[in-house]
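Asker: Sharing a structure with you now.
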Amino acid sequence: MDAQPEEPVRRRLTRAETKARTRALLLDAAARTFARKGFTGASVEEIAEAAGFSTGALYSNFSSKEALFLELLSDRRRDRLAAAAQALDAHGAGTGEAVAELGRLLVDVADKDIEFAALQAEFWLYAIRNPRVMDALAASVRESHQALEGLVGAAMARRGAPDGVCVEEVSTVVAALFIGLVRQRRIDPDCVSEELFGQALNWLFTGINAASDEG
């Protein structure tokens, strides 16, 4: 009788790996539940049940429903920044190819993430009415902003931006351009072409250098 092959022994997950897996499952369940019921309509109990955990397991990983949603927002910002960094690494910060790739990224976000945009708008209204949540949202945005500053700083160096220009402030303007153009394209796609974000960045950096020359 032929010997049967032995079943591979599964490695037991470490405590850290188990916690990371639990968080990932909770976030996935939260994304699905929020998409189906909205932020205010979704309950912690429903999210935990969808993930296959107790509410206690949820609260051991996230302090609140708001914290879950903020983590989903952070994940999306990290994904966009990673895509932008990949474009800059592939083509060189500030080059025409990199700028064109950033324009395509903006269009992709605007055209393919409509459902989550509605959730973001709902959460924004909720945060306006809850200062504590707004403070947490601001802290989450600032954390992502630090990564953006690295990308903007590299682009400024390539474009020969003068010393003394505040990278943090320029990064704030770049983020505002991106967010504003995404919203405008969702309202009126014909107004925001694939090339417009790149053109706006060129105007911004050209203006920075021109202002320095005048000074």
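Residues are referred to by chain and number: the chain letter is A, B, ... according to the order shown in the structure tokens, the number counts from 1 in that chain, and ligands are numbered separately from 1 in the order shown.
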With 9 Å as the cut-off and only C-alpha atoms counted, what is the closest atom pair between each nearby residue of region 17-126 of chain A and region 172-182 of chain A? Distances in Å to one decimal, ordered by chain and number, as CSV.

Answerer:
residue,atom,partner,partner_atom,distance
A:Leu106,CA,A:Val182,CA,6.4
A:Val107,CA,A:Val182,CA,7.2
A:Val109,CA,A:Val182,CA,7.2
A:Ala110,CA,A:Val182,CA,5.0
A:Asp111,CA,A:Val182,CA,8.5

Asker: Save out the residues we just selected, N, CA and C atoms, as a PDB file, in the first residue's frame.

Answerer:
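Dumped everything to out_26.pdb:
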ATOM      1  N   LEU A 106      -5.289  60.927 -10.076  1.00  0.00           N
ATOM      2  CA  LEU A 106      -6.414  61.756  -9.641  1.00  0.00           C
ATOM      3  C   LEU A 106      -7.704  61.342 -10.337  1.00  0.00           C
ATOM      4  N   VAL A 107      -7.630  61.148 -11.637  1.00  0.00           N
ATOM      5  CA  VAL A 107      -8.817  60.756 -12.393  1.00  0.00           C
ATOM      6  C   VAL A 107      -9.329  59.397 -11.917  1.00  0.00           C
ATOM      7  N   VAL A 109      -8.996  58.062  -8.923  1.00  0.00           N
ATOM      8  CA  VAL A 109      -9.646  58.246  -7.622  1.00  0.00           C
ATOM      9  C   VAL A 109     -11.027  58.862  -7.797  1.00  0.00           C
ATOM     10  N   ALA A 110     -11.111  59.897  -8.615  1.00  0.00           N
ATOM     11  CA  ALA A 110     -12.380  60.611  -8.799  1.00  0.00           C
ATOM     12  C   ALA A 110     -13.447  59.728  -9.430  1.00  0.00           C
ATOM     13  N   ASP A 111     -13.054  58.899 -10.389  1.00  0.00           N
ATOM     14  CA  ASP A 111     -14.032  58.149 -11.176  1.00  0.00           C
ATOM     15  C   ASP A 111     -14.400  56.796 -10.576  1.00  0.00           C
TER      16      ASP A 111
END

Asker: Would you return as a short mmCIF file (atom, residue, chain, number, x, y, z; two decimals) with N, CA and C atoms, in the first residue's frame the members of region 38-179 of chain A that DSSP assigns to helix (DSSP H, G or I) on this structure's backbone?

Answerer:
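New file selection05.cif:
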data_model
loop_
_atom_site.label_atom_id
_atom_site.label_comp_id
_atom_site.auth_asym_id
_atom_site.auth_seq_id
_atom_site.Cartn_x
_atom_site.Cartn_y
_atom_site.Cartn_z
N VAL A 44 -21.67 48.92 15.60
CA VAL A 44 -20.49 48.15 15.98
C VAL A 44 -20.82 46.66 16.02
N GLU A 45 -22.01 46.34 16.49
CA GLU A 45 -22.42 44.93 16.59
C GLU A 45 -22.49 44.28 15.20
N GLU A 46 -23.02 45.02 14.23
CA GLU A 46 -23.12 44.49 12.87
C GLU A 46 -21.73 44.28 12.26
N ILE A 47 -20.84 45.22 12.50
CA ILE A 47 -19.49 45.10 11.95
C ILE A 47 -18.78 43.90 12.55
N ALA A 48 -18.88 43.74 13.87
CA ALA A 48 -18.23 42.61 14.54
C ALA A 48 -18.79 41.29 14.02
N GLU A 49 -20.10 41.22 13.89
CA GLU A 49 -20.73 39.99 13.40
C GLU A 49 -20.29 39.67 11.98
N ALA A 50 -20.22 40.70 11.13
CA ALA A 50 -19.80 40.49 9.74
C ALA A 50 -18.37 39.97 9.66
N ALA A 51 -17.54 40.36 10.63
CA ALA A 51 -16.15 39.90 10.65
C ALA A 51 -15.99 38.56 11.33
N THR A 55 -18.17 41.80 19.88
CA THR A 55 -17.93 43.23 20.00
C THR A 55 -16.73 43.51 20.91
N GLY A 56 -16.49 42.60 21.84
CA GLY A 56 -15.32 42.75 22.71
C GLY A 56 -14.03 42.69 21.91
N ALA A 57 -13.97 41.78 20.92
CA ALA A 57 -12.78 41.68 20.07
C ALA A 57 -12.61 42.95 19.26
N LEU A 58 -13.72 43.53 18.82
CA LEU A 58 -13.64 44.78 18.06
C LEU A 58 -13.08 45.90 18.93
N TYR A 59 -13.63 46.02 20.14
CA TYR A 59 -13.19 47.10 21.00
C TYR A 59 -11.77 46.90 21.53
N SER A 60 -11.27 45.68 21.48
CA SER A 60 -9.88 45.46 21.89
C SER A 60 -8.90 45.91 20.80
N ASN A 61 -9.43 46.15 19.59
CA ASN A 61 -8.58 46.61 18.48
C ASN A 61 -8.87 48.05 18.09
N LYS A 65 -16.42 53.15 16.75
CA LYS A 65 -16.77 53.07 15.33
C LYS A 65 -16.06 54.17 14.56
N GLU A 66 -15.91 55.34 15.18
CA GLU A 66 -15.19 56.44 14.54
C GLU A 66 -13.74 56.06 14.25
N ALA A 67 -13.11 55.37 15.21
CA ALA A 67 -11.72 54.95 15.02
C ALA A 67 -11.59 53.97 13.86
N LEU A 68 -12.57 53.11 13.71
CA LEU A 68 -12.58 52.17 12.58
C LEU A 68 -12.64 52.93 11.25
N PHE A 69 -13.53 53.90 11.18
CA PHE A 69 -13.68 54.65 9.93
C PHE A 69 -12.43 55.47 9.63
N LEU A 70 -11.85 56.08 10.66
CA LEU A 70 -10.63 56.85 10.46
C LEU A 70 -9.49 55.97 9.96
N GLU A 71 -9.45 54.73 10.41
CA GLU A 71 -8.41 53.82 9.92
C GLU A 71 -8.63 53.47 8.45
N LEU A 72 -9.89 53.33 8.05
CA LEU A 72 -10.19 53.10 6.64
C LEU A 72 -9.76 54.29 5.79
N LEU A 73 -10.01 55.50 6.29
CA LEU A 73 -9.56 56.69 5.58
C LEU A 73 -8.04 56.72 5.45
N SER A 74 -7.36 56.39 6.54
CA SER A 74 -5.90 56.38 6.53
C SER A 74 -5.36 55.37 5.54
N ASP A 75 -6.00 54.20 5.47
CA ASP A 75 -5.58 53.17 4.51
C ASP A 75 -5.66 53.70 3.08
N ARG A 76 -6.72 54.39 2.76
CA ARG A 76 -6.88 54.93 1.41
C ARG A 76 -5.83 56.00 1.12
N ARG A 77 -5.57 56.86 2.09
CA ARG A 77 -4.54 57.88 1.88
C ARG A 77 -3.17 57.23 1.69
N ARG A 78 -2.89 56.20 2.47
CA ARG A 78 -1.60 55.51 2.31
C ARG A 78 -1.48 54.88 0.94
N ASP A 79 -2.56 54.29 0.45
CA ASP A 79 -2.54 53.68 -0.88
C ASP A 79 -2.27 54.73 -1.96
N ARG A 80 -2.91 55.90 -1.85
CA ARG A 80 -2.70 56.95 -2.85
C ARG A 80 -1.29 57.49 -2.79
N LEU A 81 -0.78 57.68 -1.58
CA LEU A 81 0.59 58.19 -1.45
C LEU A 81 1.60 57.16 -1.98
N ALA A 82 1.32 55.88 -1.75
CA ALA A 82 2.22 54.84 -2.26
C ALA A 82 2.21 54.83 -3.79
N ALA A 83 1.04 55.03 -4.39
CA ALA A 83 0.95 55.09 -5.85
C ALA A 83 1.70 56.30 -6.39
N ALA A 84 1.57 57.44 -5.68
CA ALA A 84 2.28 58.65 -6.11
C ALA A 84 3.79 58.46 -5.98
N ALA A 85 4.22 57.85 -4.87
CA ALA A 85 5.64 57.61 -4.68
C ALA A 85 6.20 56.68 -5.74
N GLN A 86 5.41 55.68 -6.13
CA GLN A 86 5.84 54.75 -7.17
C GLN A 86 6.03 55.48 -8.50
N ALA A 87 5.10 56.40 -8.79
CA ALA A 87 5.21 57.16 -10.04
C ALA A 87 6.46 58.04 -10.03
N LEU A 88 6.73 58.67 -8.89
CA LEU A 88 7.90 59.54 -8.80
C LEU A 88 9.20 58.74 -8.87
N ASP A 89 9.19 57.56 -8.25
CA ASP A 89 10.39 56.71 -8.31
C ASP A 89 10.65 56.20 -9.71
N ALA A 90 9.56 55.89 -10.41
CA ALA A 90 9.70 55.32 -11.76
C ALA A 90 10.14 56.36 -12.78
N HIS A 91 9.67 57.59 -12.63
CA HIS A 91 9.91 58.60 -13.66
C HIS A 91 10.77 59.76 -13.20
N GLY A 96 7.91 65.31 -16.53
CA GLY A 96 6.62 65.32 -17.20
C GLY A 96 5.90 63.98 -17.09
N GLU A 97 6.66 62.89 -17.15
CA GLU A 97 6.05 61.56 -17.04
C GLU A 97 5.43 61.35 -15.68
N ALA A 98 6.14 61.79 -14.63
CA ALA A 98 5.62 61.63 -13.27
C ALA A 98 4.37 62.47 -13.07
N VAL A 99 4.39 63.70 -13.57
CA VAL A 99 3.23 64.58 -13.44
C VAL A 99 2.02 64.00 -14.17
N ALA A 100 2.24 63.41 -15.34
CA ALA A 100 1.15 62.79 -16.09
C ALA A 100 0.57 61.61 -15.32
N GLU A 101 1.45 60.85 -14.68
CA GLU A 101 0.99 59.70 -13.90
C GLU A 101 0.15 60.16 -12.70
N LEU A 102 0.54 61.27 -12.08
CA LEU A 102 -0.23 61.80 -10.97
C LEU A 102 -1.61 62.26 -11.44
N GLY A 103 -1.67 62.82 -12.64
CA GLY A 103 -2.96 63.21 -13.20
C GLY A 103 -3.87 62.01 -13.41
N ARG A 104 -3.28 60.91 -13.89
CA ARG A 104 -4.08 59.69 -14.08
C ARG A 104 -4.55 59.14 -12.74
N LEU A 105 -3.71 59.27 -11.72
CA LEU A 105 -4.10 58.83 -10.37
C LEU A 105 -5.30 59.61 -9.88
N LEU A 106 -5.29 60.93 -10.08
CA LEU A 106 -6.41 61.76 -9.64
C LEU A 106 -7.70 61.34 -10.34
N VAL A 107 -7.63 61.15 -11.64
CA VAL A 107 -8.82 60.76 -12.39
C VAL A 107 -9.33 59.40 -11.92
N ASP A 108 -8.41 58.48 -11.63
CA ASP A 108 -8.80 57.16 -11.17
C ASP A 108 -9.53 57.25 -9.83
N VAL A 109 -9.00 58.06 -8.92
CA VAL A 109 -9.65 58.25 -7.62
C VAL A 109 -11.03 58.86 -7.80
N ALA A 110 -11.11 59.90 -8.61
CA ALA A 110 -12.38 60.61 -8.80
C ALA A 110 -13.45 59.73 -9.43
N ASP A 111 -13.05 58.90 -10.39
CA ASP A 111 -14.03 58.15 -11.18
C ASP A 111 -14.40 56.80 -10.58
N LYS A 112 -13.54 56.24 -9.73
CA LYS A 112 -13.77 54.86 -9.29
C LYS A 112 -14.05 54.71 -7.80
N ILE A 114 -16.54 56.44 -5.97
CA ILE A 114 -17.71 57.28 -5.74
C ILE A 114 -18.44 56.87 -4.46
N GLU A 115 -18.62 55.57 -4.24
CA GLU A 115 -19.37 55.12 -3.07
C GLU A 115 -18.69 55.56 -1.78
N PHE A 116 -17.37 55.45 -1.74
CA PHE A 116 -16.68 55.86 -0.52
C PHE A 116 -16.71 57.37 -0.36
N ALA A 117 -16.79 58.09 -1.47
CA ALA A 117 -16.90 59.55 -1.40
C ALA A 117 -18.15 59.96 -0.64
N ALA A 118 -19.25 59.24 -0.86
CA ALA A 118 -20.48 59.54 -0.13
C ALA A 118 -20.30 59.29 1.36
N LEU A 119 -19.58 58.23 1.70
CA LEU A 119 -19.30 57.94 3.11
C LEU A 119 -18.44 59.03 3.73
N GLN A 120 -17.45 59.50 2.97
CA GLN A 120 -16.59 60.57 3.47
C GLN A 120 -17.40 61.83 3.75
N ALA A 121 -18.32 62.15 2.85
CA ALA A 121 -19.15 63.34 3.05
C ALA A 121 -20.02 63.18 4.29
N GLU A 122 -20.57 61.99 4.48
CA GLU A 122 -21.38 61.73 5.67
C GLU A 122 -20.55 61.87 6.95
N PHE A 123 -19.34 61.32 6.91
CA PHE A 123 -18.48 61.38 8.10
C PHE A 123 -18.05 62.82 8.37
N TRP A 124 -17.82 63.59 7.31
CA TRP A 124 -17.45 65.00 7.47
C TRP A 124 -18.54 65.77 8.20
N LEU A 125 -19.80 65.56 7.81
CA LEU A 125 -20.92 66.22 8.48
C LEU A 125 -21.01 65.77 9.94
N TYR A 126 -20.77 64.50 10.16
CA TYR A 126 -20.78 63.97 11.53
C TYR A 126 -19.68 64.62 12.36
N ALA A 127 -18.49 64.79 11.78
CA ALA A 127 -17.37 65.37 12.51
C ALA A 127 -17.60 66.84 12.81
N ILE A 128 -18.26 67.56 11.90
CA ILE A 128 -18.56 68.97 12.13
C ILE A 128 -19.40 69.13 13.40
N PRO A 131 -16.92 67.91 17.77
CA PRO A 131 -15.55 68.44 17.78
C PRO A 131 -14.49 67.41 18.13
N ARG A 132 -14.82 66.48 19.01
CA ARG A 132 -13.84 65.44 19.38
C ARG A 132 -13.47 64.61 18.16
N VAL A 133 -14.46 64.28 17.33
CA VAL A 133 -14.21 63.49 16.12
C VAL A 133 -13.42 64.32 15.11
N MET A 134 -13.74 65.61 15.01
CA MET A 134 -13.00 66.47 14.09
C MET A 134 -11.52 66.55 14.49
N ASP A 135 -11.27 66.61 15.78
CA ASP A 135 -9.87 66.62 16.25
C ASP A 135 -9.15 65.32 15.85
N ALA A 136 -9.86 64.20 15.98
CA ALA A 136 -9.26 62.91 15.60
C ALA A 136 -9.03 62.83 14.10
N LEU A 137 -9.97 63.40 13.32
CA LEU A 137 -9.81 63.43 11.86
C LEU A 137 -8.61 64.28 11.48
N ALA A 138 -8.45 65.44 12.13
CA ALA A 138 -7.32 66.32 11.84
C ALA A 138 -6.00 65.63 12.16
N ALA A 139 -5.95 64.91 13.27
CA ALA A 139 -4.73 64.19 13.65
C ALA A 139 -4.41 63.11 12.63
N SER A 140 -5.42 62.43 12.13
CA SER A 140 -5.21 61.38 11.12
C SER A 140 -4.67 61.96 9.82
N VAL A 141 -5.22 63.11 9.42
CA VAL A 141 -4.76 63.77 8.20
C VAL A 141 -3.32 64.25 8.35
N ARG A 142 -2.99 64.80 9.52
CA ARG A 142 -1.62 65.27 9.75
C ARG A 142 -0.61 64.14 9.65
N GLU A 143 -0.99 62.97 10.11
CA GLU A 143 -0.09 61.81 10.03
C GLU A 143 0.23 61.47 8.58
N SER A 144 -0.79 61.46 7.73
CA SER A 144 -0.57 61.18 6.31
C SER A 144 0.19 62.32 5.64
N HIS A 145 -0.03 63.53 6.13
CA HIS A 145 0.60 64.71 5.55
C HIS A 145 2.12 64.63 5.62
N GLN A 146 2.63 63.99 6.65
CA GLN A 146 4.08 63.87 6.79
C GLN A 146 4.70 63.10 5.64
N ALA A 147 4.01 62.05 5.19
CA ALA A 147 4.50 61.28 4.05
C ALA A 147 4.43 62.12 2.77
N LEU A 148 3.38 62.90 2.63
CA LEU A 148 3.25 63.77 1.46
C LEU A 148 4.38 64.79 1.41
N GLU A 149 4.78 65.29 2.55
CA GLU A 149 5.86 66.29 2.59
C GLU A 149 7.15 65.74 1.99
N GLY A 150 7.42 64.45 2.21
CA GLY A 150 8.61 63.86 1.61
C GLY A 150 8.56 63.88 0.10
N LEU A 151 7.39 63.57 -0.47
CA LEU A 151 7.24 63.57 -1.92
C LEU A 151 7.33 64.99 -2.49
N VAL A 152 6.67 65.93 -1.81
CA VAL A 152 6.69 67.32 -2.28
C VAL A 152 8.09 67.91 -2.17
N GLY A 153 8.78 67.58 -1.08
CA GLY A 153 10.15 68.07 -0.91
C GLY A 153 11.06 67.60 -2.02
N ALA A 154 10.91 66.33 -2.44
CA ALA A 154 11.73 65.80 -3.53
C ALA A 154 11.42 66.51 -4.84
N ALA A 155 10.13 66.79 -5.09
CA ALA A 155 9.75 67.49 -6.31
C ALA A 155 10.27 68.93 -6.31
N MET A 156 10.22 69.57 -5.15
CA MET A 156 10.72 70.94 -5.05
C MET A 156 12.22 71.00 -5.29
N ALA A 157 12.94 70.03 -4.76
CA ALA A 157 14.39 70.00 -4.96
C ALA A 157 14.72 69.82 -6.44
N ARG A 158 13.96 68.95 -7.12
CA ARG A 158 14.23 68.72 -8.55
C ARG A 158 13.91 69.96 -9.37
N VAL A 167 8.10 73.51 3.09
CA VAL A 167 7.59 72.30 2.44
C VAL A 167 6.22 71.92 3.01
N GLU A 168 6.04 72.12 4.30
CA GLU A 168 4.76 71.78 4.92
C GLU A 168 3.62 72.58 4.31
N GLU A 169 3.84 73.87 4.10
CA GLU A 169 2.79 74.71 3.53
C GLU A 169 2.52 74.36 2.07
N VAL A 170 3.58 74.10 1.31
CA VAL A 170 3.39 73.71 -0.09
C VAL A 170 2.64 72.38 -0.16
N SER A 171 2.95 71.47 0.75
CA SER A 171 2.25 70.18 0.79
C SER A 171 0.77 70.36 1.07
N THR A 172 0.45 71.31 1.93
CA THR A 172 -0.96 71.59 2.22
C THR A 172 -1.68 72.06 0.96
N VAL A 173 -1.01 72.92 0.17
CA VAL A 173 -1.61 73.41 -1.07
C VAL A 173 -1.77 72.27 -2.07
N VAL A 174 -0.76 71.40 -2.19
CA VAL A 174 -0.85 70.26 -3.11
C VAL A 174 -2.02 69.35 -2.72
N ALA A 175 -2.15 69.07 -1.43
CA ALA A 175 -3.26 68.23 -0.97
C ALA A 175 -4.60 68.88 -1.28
N ALA A 176 -4.69 70.19 -1.06
CA ALA A 176 -5.94 70.90 -1.34
C ALA A 176 -6.26 70.88 -2.83
N LEU A 177 -5.24 71.02 -3.68
CA LEU A 177 -5.46 70.93 -5.12
C LEU A 177 -6.02 69.56 -5.50
N PHE A 178 -5.42 68.53 -4.96
CA PHE A 178 -5.85 67.16 -5.28
C PHE A 178 -7.29 66.94 -4.85
N ILE A 179 -7.59 67.27 -3.59
CA ILE A 179 -8.94 67.04 -3.05
C ILE A 179 -9.97 67.87 -3.82
#

Asker: Nearest residue to Leu25 (chain A) out of A:Gly52, A:Asn209, A:Pro162, A:Glu194, using only C-alpha atoms?

Answerer: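 Looking only at the distances to Leu25 (chain A), the closest residue turns out to be A:Gly52.
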
Asker: Considering only C-alpha atoms, return as a PDB file with N, CA, C and O atoms, in the first residue's frame whatever protein or nucleic-acid residues lie within 12 Å of Ala211 (chain A), sequence-local ones (same chain, fewer than 6 positions apart) excluded.

Answerer:
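Produced file part_29.pdb, reproduced below:
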ATOM      1  N   ALA A 161      13.541  74.651  -6.245  1.00  0.00           N
ATOM      2  CA  ALA A 161      12.850  75.603  -5.377  1.00  0.00           C
ATOM      3  C   ALA A 161      13.857  76.258  -4.442  1.00  0.00           C
ATOM      4  O   ALA A 161      14.783  75.614  -3.948  1.00  0.00           O
ATOM      5  N   PRO A 162      13.699  77.536  -4.179  1.00  0.00           N
ATOM      6  CA  PRO A 162      14.658  78.261  -3.338  1.00  0.00           C
ATOM      7  C   PRO A 162      14.595  77.816  -1.882  1.00  0.00           C
ATOM      8  O   PRO A 162      13.576  77.291  -1.424  1.00  0.00           O
ATOM      9  N   VAL A 165      11.522  78.097   1.445  1.00  0.00           N
ATOM     10  CA  VAL A 165      10.124  77.790   1.145  1.00  0.00           C
ATOM     11  C   VAL A 165       9.676  76.660   2.061  1.00  0.00           C
ATOM     12  O   VAL A 165      10.350  75.639   2.170  1.00  0.00           O
ATOM     13  N   TRP A 203       2.080  75.163 -12.435  1.00  0.00           N
ATOM     14  CA  TRP A 203       1.813  76.560 -12.104  1.00  0.00           C
ATOM     15  C   TRP A 203       2.275  76.874 -10.680  1.00  0.00           C
ATOM     16  O   TRP A 203       2.847  77.933 -10.426  1.00  0.00           O
ATOM     17  N   LEU A 204       2.007  75.958  -9.776  1.00  0.00           N
ATOM     18  CA  LEU A 204       2.377  76.171  -8.370  1.00  0.00           C
ATOM     19  C   LEU A 204       3.891  76.310  -8.222  1.00  0.00           C
ATOM     20  O   LEU A 204       4.388  77.281  -7.632  1.00  0.00           O
ATOM     21  N   PHE A 205       4.642  75.351  -8.764  1.00  0.00           N
ATOM     22  CA  PHE A 205       6.095  75.364  -8.575  1.00  0.00           C
ATOM     23  C   PHE A 205       6.758  76.488  -9.366  1.00  0.00           C
ATOM     24  O   PHE A 205       7.749  77.072  -8.918  1.00  0.00           O
TER      25      PHE A 205
END

Asker: Would you work out the distance separating CA of Asp163 (chain A) from CA of Ile208 (chain A), expressed in Å to one decimal?

Answerer: 10.8 Å
